[in-house]
Structures are given as C-alpha cells and as structure tokens.
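Since the structure comes first, as structure tokens, the remarks are kept for the end.
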Amino acid sequence: MRYLISALCAMVCLGATSVTSSAQGSPFAAPRIAGAIDEASLIALKGNVHPLAQSQYDRGAVAGSLALDHMLLQLKRSPEQEQALQTLLGELNNPSSANYHKWLTAEEFGEQFGPAQQDIDTVTAWLRSHGFRVNLVYPSGMMIDVSGTASQVRKAFHTEIHNYRVNGEDHIANAADPQIPAALAPLVVGFASLNNFMPRAAVENVGEVTKDSKSGKWKPAGWDPSYSFSYQNSEQYDVGPLDFAKIYNIAPLWATNTGQGQTIVVIEDTNINAADWNTFRSAFGLSSYPGTLIQVQPPPKSGANNCSNPGTNGDEIEAALDAEWSSAVAPGATIELASCADTRSTFGGLIAAQNLLNSAKPPAILSVSYGECEGALGATGNAAFNNTWAQAAAEGTSVYVAAGDWGAAVCNAGGSIATQGIAVSGFASTPNDVAVGGTDFQDFVNNNISTYWTTTNGAGGASVLSYVPEIPWNDSCASGILASYMGYASGALFCNSTAGKNFLDLIAGSGGPSSIYNTKPSWQQNVLGVPNDKKRDLPDVSLFAANGLYSHALLFCMSDTREGGKACTYTNSSNAVSNSAGGTSFAAPAFAGIQALVNQKTGLTWGNPDAILYSLAATEYSSSSGATLSTCQSSNGNGVNSACTFYDIAAGDNDVVCSGRTNCYTPTRDRYGVLSTSSSVAYPANKGWDFATGLGTVNVTNLVNNWP
C-alpha cells in the first residue's frame with residue numbers, strides 16, 4: 001500500500017486480529033461487531049421509506065417470490081476512519097502535503113477506510129443465513145451486492161415490499177423502515193434503495209426546431225411548452241457547440257488542447273444510437289477533431305456480473321446529450337458511455353459508477369446528469385452517493401453532477417407546484433463532487449438580441465458574436481425577471497394572475513442548502529457570498545442550460561422516435577431538423593469536458609476540483625485590480641473583462657411557485673406563493689457566490705490557463 005496508516009487510524013487498529021486473505025475489507029481496522037447476532041434485538045434503520053410510499057397509493061404487498069436482484073447494501077466506517085478519510089481528502093489536493101495527488105486504488109481505499117474483513121465475513125454470513133445470494137463485495141469494502149426475494153427481505157429486514165400506484169405509474173417500495181439486529185448496527189447502513197422510484201434525468205425537452213432554407217436560422221416546430229413567447233412565428237437563437245465555445249471562450253484552446261488523450265465517462269442507465277453522436281459532431285463542426293465514442297457495460301472486477309445491457313429506454317435523450325455535450329467542449333476526448341440496466345430496486349447508474357471506481361483503472365472524469373432529492377433518497381441512498389463520490393475523490397476521479405432543473409424544490413421534481421419546501425439533489429449535495437447549476441441569457445429581456453447574435457448562421461451553425469450576459473435559468477412565474485417582463489411587481493403577484501397561470505412550473509436551475517450535510521466544506525468557506533450556514537450549499541458553478549423561454553435553448557441529436565427523439569436531418573437545407581432542450585444535464589457534461597481540457601494541459605488528474613475552483617473565485621472576487629468583481633459582472637455582456645476566470649451573475653433568481661405552509665410565502669393569502677426562506681425568496685442571485693448560480697460561469701481558456 002502507498003501510505004502509512006495515519007496516527008489517528010493507528011490508535012484504533014492496534015486491536016485488529018488476523019483475518020482471512022481477501023481483496024476486500026481492511027486488515028487494519030478493528031472489528032466492530034461484537035458478540036452473537038440476536039435476531040430478537042432489533043433497531044430500525046430510520047429515514048429509509050420513500051415519501052411516495054403512502055397508504056393512499058398502496059396496492060398491497062408484492063408476491064413473496066418477487067426477485068430483487070443486485071440490491072446494494074451500504075456499510076459504514078468507524079468515526080475514527082471517517083475523520084482520517086476527511087483529512088486525507090483535504091491533503092490529496094494540498095500541494096504542501098506529502099499526500100498531494102497520491103491517489104488510492106480501490107483496494108487501498110478499502111484497506112485504510114473499509115471495515116475489518118472479520119466484520120464483512122460476519123455480515124455476509126448473516127445474509128446467506130437468510131437465503132440471500134451474496135454476488136460480490138466491492139474492493140472498497142463499503143458495499144455488498146446482494147440478491148434475494150421480497151419474502152427474504154421481509155424476514156431478514158422486517159419490512160414488506162408493497163405495490164404502489166402513483167400518478168398512473170406502478171412502483172414497488174418498502175412500506176416501513178428496515179430493521180436489523182442491533183449487533184450489526186455499527187457496520188450496516190442499509191440498502192441504497194428498496195424501491196424503483198428511479199432518479200430523474202435533469203433535462204427539459206422542448207421539441208423540434210427546423211432550419212429556414214432562406215435565412216438559415218432555426219425556428220420552433222410545434223414546441224412544448226406552449227407558453228413560450230410567440231415562438232411559433234419568431235426566430236430561435238439556439239446554442240450549438242461553436243456558439244458555446246465562443247460564449248465561454250473555449251475555442252482559443254482548441255489549437256493545442258481538445259482533450260485528446262483524455263476519457264470522459266458519462267454515467268447512464270441506457271444506451272444510445274452511436275450514429276446520433278457522429279451526426280451531431282458532423283453537423284456542428286466537430287468531426288475534424290479526433291474524439292471517439294465508446295459504449296460499455298462495465299462489469300465488476302470480480303464476482304457475479306451485475307451490469308446488464310439496458311438497451312435503449314426513456315432516458316436515451318439524456319444519454320445522447322450527455323455524450324454529445326461532453327464532446328462539444330472537449331472534441332478530442334474519448335467519450336465513454338457507461339450504462340447498466342436498472343434493477344427492481346437499484347439505479348443502473350449507481351452500479352456502473354461502483355463497478356468503474358472499483359476497477360483496476362478508475363476513470364479520471366465522471367459526469368452524472370440524474371438526480372433525486374435528499375428526502376426521497378433516504379438516509380442510506382444519501383450515504384451511498386456520499387461514499388461513492390468520496391471514493392472517487394480519493395482515487396483522483398473528478399465527478400460533475402447536474403444540480404437539477406427544479407429550483408430549490410427538488411422533492412417536487414416533475415410537478416408544477418412546490419409543496420414540500422426547500423430541497424436539493426442528494427446526487428449533487430455531497431462534499432465530494434462538483435454540483436453544476438444552470439443559466440439563461442439576458443439579451444431577450446434587455447431587448448438587444450441583435451447585439452449578440454448574427455442574422456444568419458456561419459460554419460458549424462455558429463451565430464453568436466461574443467459572450468452574452470447571463471441570468472439564472474428560471475421559467476417559473478415566481479421569477480422576478482419574468483414577472484417584471486410581464487408587467488408585475490413581484491413573482492407572487494404574477495403567479496396569481498391570469499397570465500401567470502401559463503407559467504406555473506418548477507423549471508429552474510437548482511440550488512439551495514443541503515438538509516443532511518451540516519458541516520460546510522473547508523473549500524466553500526471564506527468566499528464572497530457564501531452564507532455562514534454550516535451547510536453544504538449548491539451549486540458550485542453553472543453554465544448555460546435554458547430551454548427556450550427567452551429564445552435560447554441547446555441543440556442535440558437523438559433520432560430514436562420510440563423514446564421521444566426526432567430526426568436529425570441536418571443535410572437537408574430546406575427541412576433540417578434538430579432536437580432542442582435545456583437542463584443542467586447539458587451543463588454537467590460540458591463542465592466535465594472543461595475538466596478534460598484541464599487534465600490534458602496539466603498532464604494530471606485532480607480528484608475533487610472544488611478547492612481549486614473556489615480558491616480561484618475567492619481571489620477574483622476579492623481583487624481590487626485586474627479582473628475584479630465589478631469588471632467580471634455578467635451584466636457587462638460583451639464589455640466583460642477579458643481577464644476574468646469567473647463571470648459573476650448578480651441579477652435574477654431561481655425562485656419557483658409554491659403552495660401550502662412549507663417555505664411558501666403568500667403575501668396576499670392568494671392560492672399560490674413563492675418559495676422562500678424566512679427572510680427572502682429562495683433564491684436571488686447576488687454578488688459573488690449565491691444559491692442561484694454558485695460561483696457563476698467561466699471563461700474556459702482563462703480557467704485552464706490559471707489552473708494551479
């Protein structure tokens with residue numbers, strides 16, 4: 001192994017006994033399961049019932065024989081190991097530390113921070129005694145893949161699996177918190193999931209756009225949402241890869257740095273038609289670069305294969321745009337689409353990530369565009385993603401996660417009104433990943449689109465002239481900018497108006513404080529705008545993610561009409577068609593592409609890059625000369641300082657419409673209110689960091705060149 005055991009760990013390792021030889025489990029950790037397992041002495045694993053597993057939706061218990069394959073049992077570290085891990089994660093990106101960039105393998109991670117092999121053997125023996133099949137113990141020692149039946153879950157974990165019908169869809173879920181023998185409590189957190197309420201893709205699809213044969217401009221064709229401002233007769237200034245490269249100053253890098261030699265892994269639970277990726281690159285001027293696409297179902301390093309080929313499904317739009325937009329920023333990189341099929345209880349993307357991070361060669365960059373609110377993930381689901389991204393950080397893997405498309409109301413994702421209060425995505429809220437939010441452009445509401453866009457497209461569909469001023473992405477009637485544009489003094493008034501009824505939605509870039517991580521990461525402190533709330537706050541950074549409200553969305557290609565795609569017939573000048581959408585699903589893989597440019601430039605991998613991002617922003621936002629907070633304001637538009645690394649967004653908000661009493665402000669006792677804290681809307685953009693856009697967006701060339 002590469003490191004000496006820390007003194008802190010050594011104090012608890014002295015009592016370790018000899019264990020059987022195995023790649024899993026720590027030979028240094030002291031066993032924590034003491035005495036016999038008493039099946040009559042139980043404790044509940046609290047906080048592990050999905051919020052939609054309610055009696056009103058309950059359709060009774062499933063058949064006891066129902067197979068539940070590849071459930072992931074999450075284990076936990078001792079408090080001493082957890083403290084040692086946090087210390088190491090800080091040291092790995094600290095140039096003054098002897099551990100700087102000395103990344104761990106999965107086996108080394110398990111040796112230092114996993115349970116004792118004796119404890120793992122005890123847990124696996126207990127599982128087998130209840131009839132479960134133990135498919136594999138991951139080399140990290142932190143997760144066990146188990147298969148069984150609903151009857152076995154009921155007998156061993158004392159919870160029934162029930163059928164639920166919610167909004168016309170059938171689901172299964174555990175009806176009560178699982179229980180385990182108290183002797184196992186020091187080690188077992190629980191199953192990452194015992195339900196098939198799968199996470200949501202962070203994409204807002206709006207439909208086709210067609211290219212006018214005379215002007216060469218894109219126009220909407222039967223768009224949804226129908227409320228879009230007279231779009232049926234207006235031009236649409238959508239964003240393609242070369243526009244994106246101009247706006248965020250990526251293009252100057254491409255002469256020498258396209259991400260060549262780097263691999264970006266996009267985590268999915270579906271495959272795509274590879275021809276769509278090639279069509280996208282050809283249509284938008286990227287095909288001359290040496291990037292490639294591969295699709296894999298990553299198997300575990302050992303044990304039963306838990307990664308089935310998912311084929312294609314309703315998430316194909318998500319997977320296609322992830323692959324295309326990571327390549328749009330790093331066109332020379334290899335894009336690896338890693339997908340596993342969902343099981344009845346486990347998100348296939350989590351299986352894919354675990355298999356990759358526990359492989360002999362973990363990836364340098366991961367992009368994840370799915371999400372679920374912390375409350376719906378439950379205590380064990382949150383622990384599973386926290387542990388997975390912590391392992392990634394320790395191995396040198398940079399993880400970029402979409403913050404979400406539902407404002408600060410992620411628990412109401414998919415709905416139109418916030419009723420459950422402020423919430424963020426547990427996929428993104430861990431302190432071990434970069435949470436990526438979303439912006440829109442301000443030119444439409446400023447009535448100066450012509451300042452920033454040409455009337456015809458150039459090569460590769462490019463039509464933007466410069467950086468475009470940005471605001472938080474927000475389509476909701478609660479948006480202060482939208483309300484003002486429509487002639488209302490506030491979002492609350494607009495939401496309760498006749499006109500506002502067309503804008504009752506939650507479509508907005510997500511951000512807010514975590515409800516479970518109650519210690520602010522050290523790198524997120526001492527930056528202008530970051531609140532002293534002792535929370536992990538989201539997002540970290542943002543990029544353009546709008547879905548067309550103000551005449552701008554993003555283009556992508558997904559031609560599978562069975563799964564919601566449209567033909568991508570770019571070569572027919574009189575009837576060219578593309579897909580158009582928005583979402584932080586675009587922003588996360590795009591930022592992963594930026595990381596590939598960083599990795600190529602530096603020749604290194606960087607693990608969790610949050611500390612570097614916040615350090616660079618802190619310097620810029622506190623500077624009194626050169627690139628300063630005032631000269632780097634996004635509202636400066638094409639007059640923004642060319643030396644800026646970050647573009648600070650200080651106008652607008654990501655507030656959404658709400659009802660009820662939870663974080664909902666209804667000043668006139670109307671039907672609808674706006675999501676709020678006790679003192680303000682949730683959340684306005686401010687100078688420096690804010691909940692609406694994090695640190696803001698970036699000048700990519702400057703970011704890469706200023707990377708330490």
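Starting from 1 in every chain, residues are counted up; chains themselves are A, B, ... following the order of the structure tokens, and ligands are numbered from 1 as listed.
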
Who sits within 10 Å of A:Leu493, only C-alpha atoms, same chain under 6 positions skipped, as a list in words: Cys477, Ala478, Ala483, Gly500, Thr666, Pro667, Thr668, Asp670, Tyr672, Gly673 and Val674 of chain A

All residues 6 Å or closer to stretch 348-359 of chain A, only C-alpha atoms, same chain fewer than 2 positions away omitted, as a ChimeraX atom specification: /A:106,267-269,300-301,339-342,361-362

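The closest residue to A:Val399, picked from A:Gly168, A:Gly607, A:Gly375, A:Gly437 and counting only C-alpha atoms, is A:Gly607.
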
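For the set A:Tyr138, A:Trp406, A:Phe132, A:Phe385, the residue with the smallest atom-to-atom gap to A:Arg200 is A:Trp406, counting only C-alpha atoms.
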
Which residues of stretch 378-399 of chain A sit at most 12 Å from stretch 514-533 of chain A, using only C-alpha atoms? Give each one's shortest atom pair and distance in Å (one decimal place), in chain and ascending residue order, as a Markdown table.
```
| residue | atom | partner | partner_atom | distance |
| --- | --- | --- | --- | --- |
| A:Gly378 | CA | A:Ile516 | CA | 10.2 |
| A:Ala379 | CA | A:Ile516 | CA | 8.8 |
| A:Thr380 | CA | A:Ile516 | CA | 11.7 |
| A:Gly381 | CA | A:Ile516 | CA | 11.8 |
| A:Asn382 | CA | A:Ile516 | CA | 8.5 |
| A:Ala383 | CA | A:Ile516 | CA | 10.0 |
| A:Asn386 | CA | A:Tyr517 | CA | 9.9 |
```

Written file, previous selection with N, CA, C and O atoms, as a CSV table (one decimal), in the first residue's frame:
```csv
chain,number,residue,atom,x,y,z
A,378,GLY,N,-33.4,9.0,0.9
A,378,GLY,CA,-33.4,8.4,2.2
A,378,GLY,C,-32.0,8.4,2.8
A,378,GLY,O,-31.0,8.7,2.1
A,379,ALA,N,-31.9,8.0,4.0
A,379,ALA,CA,-30.6,8.0,4.7
A,379,ALA,C,-29.6,7.2,4.1
A,379,ALA,O,-28.4,7.6,3.9
A,380,THR,N,-30.0,6.0,3.6
A,380,THR,CA,-29.0,5.1,3.0
A,380,THR,C,-28.6,5.5,1.6
A,380,THR,O,-27.5,5.4,1.2
A,381,GLY,N,-29.6,6.0,0.8
A,381,GLY,CA,-29.3,6.4,-0.5
A,381,GLY,C,-28.3,7.6,-0.5
A,381,GLY,O,-27.4,7.6,-1.3
A,382,ASN,N,-28.5,8.5,0.4
A,382,ASN,CA,-27.6,9.6,0.5
A,382,ASN,C,-26.2,9.1,0.9
A,382,ASN,O,-25.2,9.6,0.4
A,383,ALA,N,-26.1,8.2,1.9
A,383,ALA,CA,-24.9,7.6,2.3
A,383,ALA,C,-24.2,6.9,1.1
A,383,ALA,O,-23.0,7.0,1.0
A,386,ASN,N,-22.7,9.6,-1.2
A,386,ASN,CA,-21.6,10.3,-0.5
A,386,ASN,C,-20.4,9.4,-0.5
A,386,ASN,O,-19.2,9.8,-0.8
```

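Closest approach to A:Pro539 among A:Asp560, A:Asp443, A:Glu82, A:Asp405: A:Asp405, based on only C-alpha atoms.
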
Could you produce a table of the residues of stretch 514-633 of chain A lying within 7 Å of stretch 272-292 of chain A, with the nearest pair of atoms per residue and their separation in Å rounded to one decimal, using only C-alpha atoms, ordered by chain and increasing residue number, as a Markdown table?
```
| residue | atom | partner | partner_atom | distance |
| --- | --- | --- | --- | --- |
| A:Phe556 | CA | A:Phe280 | CA | 6.6 |
| A:Cys557 | CA | A:Asp276 | CA | 5.6 |
| A:Met558 | CA | A:Asp276 | CA | 5.8 |
| A:Ser559 | CA | A:Asp276 | CA | 6.7 |
| A:Tyr570 | CA | A:Ala283 | CA | 6.4 |
```

Generate the output file for the selected residues, N, CA and C atoms, as a PDB file, in the first residue's frame.
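Heads up, here's the output in again.pdb:
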```pdb
ATOM      1  N   PHE A 556     -29.223  19.270 -29.796  1.00  0.00           N
ATOM      2  CA  PHE A 556     -28.602  17.958 -29.672  1.00  0.00           C
ATOM      3  C   PHE A 556     -29.270  17.031 -30.677  1.00  0.00           C
ATOM      4  N   CYS A 557     -28.756  15.833 -30.823  1.00  0.00           N
ATOM      5  CA  CYS A 557     -29.318  14.873 -31.771  1.00  0.00           C
ATOM      6  C   CYS A 557     -29.677  13.587 -31.050  1.00  0.00           C
ATOM      7  N   MET A 558     -30.962  13.197 -31.138  1.00  0.00           N
ATOM      8  CA  MET A 558     -31.405  11.888 -30.671  1.00  0.00           C
ATOM      9  C   MET A 558     -32.567  11.483 -31.565  1.00  0.00           C
ATOM     10  N   SER A 559     -32.321  10.550 -32.454  1.00  0.00           N
ATOM     11  CA  SER A 559     -33.263  10.273 -33.545  1.00  0.00           C
ATOM     12  C   SER A 559     -34.226   9.137 -33.253  1.00  0.00           C
ATOM     13  N   TYR A 570     -29.830  17.223 -40.739  1.00  0.00           N
ATOM     14  CA  TYR A 570     -29.139  18.485 -40.941  1.00  0.00           C
ATOM     15  C   TYR A 570     -28.776  18.732 -42.394  1.00  0.00           C
TER      16      TYR A 570
END
```

Residues flagged helix (DSSP H, G or I) by DSSP in stretch 74-270 of chain A, as a PyMOL selection string: chain A and resi 79-92+106-113+117-129+150-157+182-184+231-233+241-247+251-255

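With only C-alpha atoms as the basis for measurement, A:Thr159 is the residue among A:Thr159, A:Asn135, A:Gln118, A:Ser450 that approaches A:Ala44 most closely.
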
Non-local contacts of A:Glu39 (10 Å; only C-alpha atoms; under 6 positions in same chain excluded) as a ChimeraX atom specification: /A:156,180-183

Output of the above residues as an mmCIF file, in the first residue's frame, restricted to N, CA and C atoms:
```cif
data_model
loop_
_atom_site.group_PDB
_atom_site.id
_atom_site.type_symbol
_atom_site.label_atom_id
_atom_site.label_comp_id
_atom_site.auth_asym_id
_atom_site.auth_seq_id
_atom_site.Cartn_x
_atom_site.Cartn_y
_atom_site.Cartn_z
ATOM 1 N N ALA A 156 -35.706 -11.025 6.937
ATOM 2 C CA ALA A 156 -34.409 -10.590 7.463
ATOM 3 C C ALA A 156 -34.421 -9.139 7.920
ATOM 4 N N ILE A 180 -32.665 -4.260 11.593
ATOM 5 C CA ILE A 180 -31.593 -5.243 11.615
ATOM 6 C C ILE A 180 -31.249 -5.571 13.057
ATOM 7 N N PRO A 181 -30.602 -6.702 13.291
ATOM 8 C CA PRO A 181 -30.133 -6.990 14.657
ATOM 9 C C PRO A 181 -29.191 -5.896 15.144
ATOM 10 N N ALA A 182 -29.337 -5.516 16.390
ATOM 11 C CA ALA A 182 -28.561 -4.409 16.949
ATOM 12 C C ALA A 182 -27.059 -4.659 16.836
ATOM 13 N N ALA A 183 -26.648 -5.912 16.836
ATOM 14 C CA ALA A 183 -25.221 -6.223 16.752
ATOM 15 C C ALA A 183 -24.603 -5.764 15.438
#
```

Contact residues around stretch 102-105 of chain A with only C-alpha atoms at 12 Å, ignoring same-chain residues under 6 positions, as a ChimeraX atom specification: /A:1-3,23,85,88-95,111-113,139-140,356-364,390-398,604-608

Separation of atom CA of A:Val265 from atom CA of A:Ala338 in Å: 6.5 Å

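Residue neighbourhood of A:Gly332, excluding near-sequence residues (fewer than 6 positions): Leu253, Trp254, Ala255, Thr256, Asn257, Thr258, Gly259, Gln260, Gly261, Gln262, Thr263, Ile264, Arg281, Leu286, Ser287, Ser288, Tyr289, Pro290, Gly291, Thr292, Leu293, Ser326, Gly593, Ile594, Ala596, Leu597 and Gln600 of chain A, at 12 Å, using only C-alpha atoms.
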